[in-house]
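Pasted below: entry37.pdb, PDB, C-alpha atoms, pLDDT in the B column.
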MODEL        1
ATOM      1  CA  MET E   1      42.431  75.033  14.081  1.00 53.00           C
ATOM      2  CA  ALA E   2      41.052  77.031  11.202  1.00 56.00           C
ATOM      3  CA  ARG E   3      37.689  78.644  11.674  1.00 61.00           C
ATOM      4  CA  ILE E   4      35.113  78.376   8.934  1.00 59.00           C
ATOM      5  CA  SER E   5      33.114  81.519   8.555  1.00 56.00           C
ATOM      6  CA  THR E   6      29.341  81.410   8.667  1.00 54.00           C
ATOM      7  CA  ARG E   7      29.311  83.132   5.269  1.00 56.00           C
ATOM      8  CA  ALA E   8      31.203  80.193   3.696  1.00 50.00           C
ATOM      9  CA  ILE E   9      28.798  77.714   5.264  1.00 53.00           C
ATOM     10  CA  SER E  10      25.723  79.614   4.062  1.00 57.00           C
ATOM     11  CA  CYS E  11      27.157  79.855   0.511  1.00 56.00           C
ATOM     12  CA  ARG E  12      27.783  76.113   0.447  1.00 66.00           C
ATOM     13  CA  GLY E  13      24.281  75.458   1.757  1.00 59.00           C
ATOM     14  CA  ALA E  14      22.761  77.705  -0.904  1.00 61.00           C
ATOM     15  CA  ALA E  15      24.776  75.973  -3.620  1.00 60.00           C
ATOM     16  CA  LEU E  16      23.645  72.567  -2.363  1.00 57.00           C
ATOM     17  CA  LEU E  17      19.989  73.645  -2.362  1.00 55.00           C
ATOM     18  CA  ALA E  18      20.334  75.016  -5.899  1.00 57.00           C
ATOM     19  CA  LEU E  19      21.867  71.725  -7.070  1.00 52.00           C
ATOM     20  CA  ILE E  20      19.083  69.683  -5.478  1.00 57.00           C
ATOM     21  CA  GLY E  21      16.470  71.980  -7.001  1.00 52.00           C
ATOM     22  CA  SER E  22      17.950  71.635 -10.488  1.00 48.00           C
ATOM     23  CA  PHE E  23      17.938  67.830 -10.237  1.00 51.00           C
ATOM     24  CA  SER E  24      14.275  67.819  -9.221  1.00 45.00           C
ATOM     25  CA  LEU E  25      13.403  70.083 -12.150  1.00 45.00           C
ATOM     26  CA  LEU E  26      15.265  67.761 -14.509  1.00 49.00           C
ATOM     27  CA  ALA E  27      13.425  64.733 -13.133  1.00 50.00           C
ATOM     28  CA  ALA E  28      10.083  66.509 -13.513  1.00 50.00           C
ATOM     29  CA  CYS E  29      10.736  67.158 -17.216  1.00 69.00           C
ATOM     30  CA  THR E  30      11.140  63.524 -18.216  1.00 86.00           C
ATOM     31  CA  HIS E  31       8.430  61.278 -19.545  1.00 96.00           C
ATOM     32  CA  LYS E  32       8.452  57.698 -20.761  1.00 96.00           C
ATOM     33  CA  LEU E  33       7.235  55.841 -23.819  1.00 97.00           C
ATOM     34  CA  VAL E  34       4.174  53.659 -23.359  1.00 96.00           C
ATOM     35  CA  GLY E  35       3.249  50.699 -25.543  1.00 94.00           C
ATOM     36  CA  ARG E  36      -0.483  50.328 -26.158  1.00 89.00           C
ATOM     37  CA  GLY E  37      -2.530  47.222 -26.837  1.00 89.00           C
ATOM     38  CA  GLY E  38       0.163  44.825 -25.620  1.00 90.00           C
ATOM     39  CA  GLU E  39       2.902  46.426 -27.705  1.00 92.00           C
ATOM     40  CA  THR E  40       6.359  46.461 -26.134  1.00 96.00           C
ATOM     41  CA  MET E  41       7.905  48.753 -28.759  1.00 96.00           C
ATOM     42  CA  VAL E  42       6.889  52.289 -29.732  1.00 96.00           C
ATOM     43  CA  ASN E  43       7.251  53.789 -33.209  1.00 95.00           C
ATOM     44  CA  VAL E  44       9.350  56.975 -33.273  1.00 97.00           C
ATOM     45  CA  PHE E  45       9.012  58.777 -36.618  1.00 96.00           C
ATOM     46  CA  PRO E  46      11.772  61.051 -37.961  1.00 96.00           C
ATOM     47  CA  THR E  47       9.351  63.990 -38.386  1.00 96.00           C
ATOM     48  CA  LYS E  48       5.733  64.948 -37.801  1.00 96.00           C
ATOM     49  CA  ASP E  49       5.223  65.046 -41.580  1.00 96.00           C
ATOM     50  CA  ASP E  50       6.261  61.386 -41.834  1.00 93.00           C
ATOM     51  CA  PHE E  51       3.913  60.526 -38.967  1.00 93.00           C
ATOM     52  CA  ASP E  52       1.021  62.386 -40.643  1.00 93.00           C
ATOM     53  CA  LYS E  53       1.604  60.683 -44.028  1.00 89.00           C
ATOM     54  CA  VAL E  54       1.679  57.189 -42.552  1.00 87.00           C
ATOM     55  CA  MET E  55      -1.365  57.746 -40.317  1.00 85.00           C
ATOM     56  CA  SER E  56      -3.309  59.222 -43.241  1.00 85.00           C
ATOM     57  CA  MET E  57      -2.573  56.211 -45.423  1.00 83.00           C
ATOM     58  CA  LYS E  58      -3.392  53.729 -42.640  1.00 78.00           C
ATOM     59  CA  SER E  59      -6.725  55.414 -41.950  1.00 82.00           C
ATOM     60  CA  ARG E  60      -7.860  54.979 -45.559  1.00 81.00           C
ATOM     61  CA  GLY E  61      -7.776  51.206 -45.319  1.00 78.00           C
ATOM     62  CA  GLY E  62      -7.524  48.802 -48.238  1.00 80.00           C
ATOM     63  CA  ALA E  63      -4.352  48.828 -50.304  1.00 77.00           C
ATOM     64  CA  GLU E  64      -3.365  52.294 -49.079  1.00 70.00           C
ATOM     65  CA  GLY E  65      -3.722  51.157 -45.487  1.00 71.00           C
ATOM     66  CA  LEU E  66      -1.458  48.199 -46.220  1.00 72.00           C
ATOM     67  CA  VAL E  67       1.125  50.507 -47.801  1.00 69.00           C
ATOM     68  CA  GLY E  68       0.839  52.836 -44.799  1.00 61.00           C
ATOM     69  CA  GLY E  69       1.539  49.900 -42.477  1.00 67.00           C
ATOM     70  CA  LEU E  70       4.609  48.974 -44.492  1.00 72.00           C
ATOM     71  CA  GLY E  71       5.747  52.588 -44.514  1.00 68.00           C
ATOM     72  CA  GLU E  72       5.435  52.661 -40.753  1.00 79.00           C
ATOM     73  CA  ASN E  73       7.785  49.687 -40.464  1.00 78.00           C
ATOM     74  CA  PHE E  74      10.389  51.297 -42.731  1.00 81.00           C
ATOM     75  CA  MET E  75      10.169  54.923 -41.579  1.00 88.00           C
ATOM     76  CA  ALA E  76       9.819  54.590 -37.817  1.00 92.00           C
ATOM     77  CA  ARG E  77      12.466  53.459 -35.356  1.00 95.00           C
ATOM     78  CA  LYS E  78      11.259  50.986 -32.748  1.00 96.00           C
ATOM     79  CA  VAL E  79      12.060  52.047 -29.179  1.00 97.00           C
ATOM     80  CA  ALA E  80      11.250  49.966 -26.099  1.00 97.00           C
ATOM     81  CA  GLN E  81       8.356  51.026 -23.910  1.00 96.00           C
ATOM     82  CA  ASP E  82       9.264  52.613 -20.550  1.00 96.00           C
ATOM     83  CA  THR E  83      12.240  54.344 -22.193  1.00 97.00           C
ATOM     84  CA  PRO E  84      12.737  57.812 -20.641  1.00 97.00           C
ATOM     85  CA  VAL E  85      12.256  60.694 -23.079  1.00 97.00           C
ATOM     86  CA  LYS E  86      12.247  64.474 -22.990  1.00 97.00           C
ATOM     87  CA  ILE E  87       9.442  66.320 -24.765  1.00 96.00           C
ATOM     88  CA  ILE E  88      10.885  69.028 -26.983  1.00 96.00           C
ATOM     89  CA  SER E  89       7.538  70.280 -28.312  1.00 96.00           C
ATOM     90  CA  SER E  90       4.005  68.946 -28.564  1.00 96.00           C
ATOM     91  CA  ASP E  91       0.733  69.404 -30.418  1.00 96.00           C
ATOM     92  CA  SER E  92      -2.725  67.843 -30.330  1.00 95.00           C
ATOM     93  CA  GLU E  93      -1.578  64.594 -32.007  1.00 95.00           C
ATOM     94  CA  GLY E  94       1.761  63.911 -30.327  1.00 97.00           C
ATOM     95  CA  ALA E  95       5.173  65.256 -29.446  1.00 97.00           C
ATOM     96  CA  GLN E  96       8.657  65.798 -30.754  1.00 98.00           C
ATOM     97  CA  ILE E  97      10.854  63.884 -28.289  1.00 97.00           C
ATOM     98  CA  GLN E  98      14.454  63.023 -27.503  1.00 97.00           C
ATOM     99  CA  VAL E  99      15.325  59.594 -26.095  1.00 97.00           C
ATOM    100  CA  LEU E 100      17.351  59.992 -22.887  1.00 96.00           C
ATOM    101  CA  GLU E 101      18.542  56.442 -22.137  1.00 95.00           C
ATOM    102  CA  GLY E 102      19.143  53.065 -23.693  1.00 95.00           C
ATOM    103  CA  PRO E 103      20.517  51.989 -27.064  1.00 96.00           C
ATOM    104  CA  ASN E 104      18.627  54.804 -28.835  1.00 97.00           C
ATOM    105  CA  ALA E 105      19.829  57.578 -26.499  1.00 96.00           C
ATOM    106  CA  GLY E 106      19.960  60.881 -28.344  1.00 97.00           C
ATOM    107  CA  LEU E 107      17.400  59.831 -30.975  1.00 97.00           C
ATOM    108  CA  ARG E 108      14.963  62.624 -31.800  1.00 98.00           C
ATOM    109  CA  GLY E 109      11.628  62.035 -33.435  1.00 98.00           C
ATOM    110  CA  TYR E 110       7.863  62.312 -33.293  1.00 98.00           C
ATOM    111  CA  VAL E 111       5.523  59.994 -31.368  1.00 97.00           C
ATOM    112  CA  SER E 112       1.767  59.798 -30.957  1.00 95.00           C
ATOM    113  CA  LYS E 113       0.382  61.301 -27.746  1.00 96.00           C
ATOM    114  CA  ASP E 114      -1.053  57.851 -26.949  1.00 95.00           C
ATOM    115  CA  ASN E 115       2.500  56.569 -26.580  1.00 96.00           C
ATOM    116  CA  LEU E 116       3.610  59.113 -23.949  1.00 96.00           C
ATOM    117  CA  ASP E 117       3.265  59.105 -20.189  1.00 92.00           C
TER     118      ASP E 117
ENDMDL
END

When written as structure tokens, how does the structure in this file appear?
Amino acid sequence: MARISTRAISCRGAALLALIGSFSLLAACTHKLVGRGGETMVNVFPTKDDFDKVMSMKSRGGAEGLVGGLGENFMARKVAQDTPVKIISSDSEGAQIQVLEGPNAGLRGYVSKDNLD
């Protein structure tokens, strides 16, 4: 019978603990998209500038608000709520995210902070 040294066992144990620790860190870094007001889809804008332009137009109301609403439909990708995302960077209005799962996996864009959990 071959003897396994205690050094080999302790190295394997340390490697296993490091692997478990890295998985828990990865899980802690994920967030999910949240639909508000009964919405089941969340708008993901290509850039923060696009988000700012659309929100500015919508806030003005009237014809500009209508155009802003149309722009939102054309510029933003719709992603299902509860979709796991990774926050790349954030500011006071929202975050640059990357979609981790689902049909839009890999998509990067900007979402409002109200749509993140």

Q | Residue contacts of Val99 in chain E (8 Å, only C-alpha atoms) excluding same-chain residues fewer than 4 positions away, as a ChimeraX atom specification | A | /E:83-86,104-108

Written as a tab-separated table (two decimals) with C-alpha atoms, in the frame of the given file, which residues does the PyMOL selection byres ((chain E and resi 77) around 6) give for the file shown?
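Result went into expr33.tsv, see below:
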chain	number	residue	atom	x	y	z
E	43	ASN	CA	7.25	53.79	-33.21
E	44	VAL	CA	9.35	56.98	-33.27
E	76	ALA	CA	9.82	54.59	-37.82
E	78	LYS	CA	11.26	50.99	-32.75

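Here CA of Lys113 in chain E stands at a distance of 6.4 Å from CA of Ala95 in chain E.
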
Q: Would you translate the PyMOL selection byres ((chain E and resi 42) around 9) into the concrete set of residues it matches in this file, as a count of residues only?
A: 17

**Q.** Shell around Gly109 in chain E at 6 Å using all atoms listed in the file, local window under 2 positions removed, as number ranges by chain
**A.** E: 44-47, 96-97

Q | Cut-off 9 Å around (3.0, 63.8, -35.8) with only C-alpha atoms: residues as a PyMOL selection string | A | chain E and resi 45+47-53+55+90-96+110-113

Q) Quick one, how far is CA of Ile88 in chain E from CA of Ser59 in chain E? A) 26.8 Å
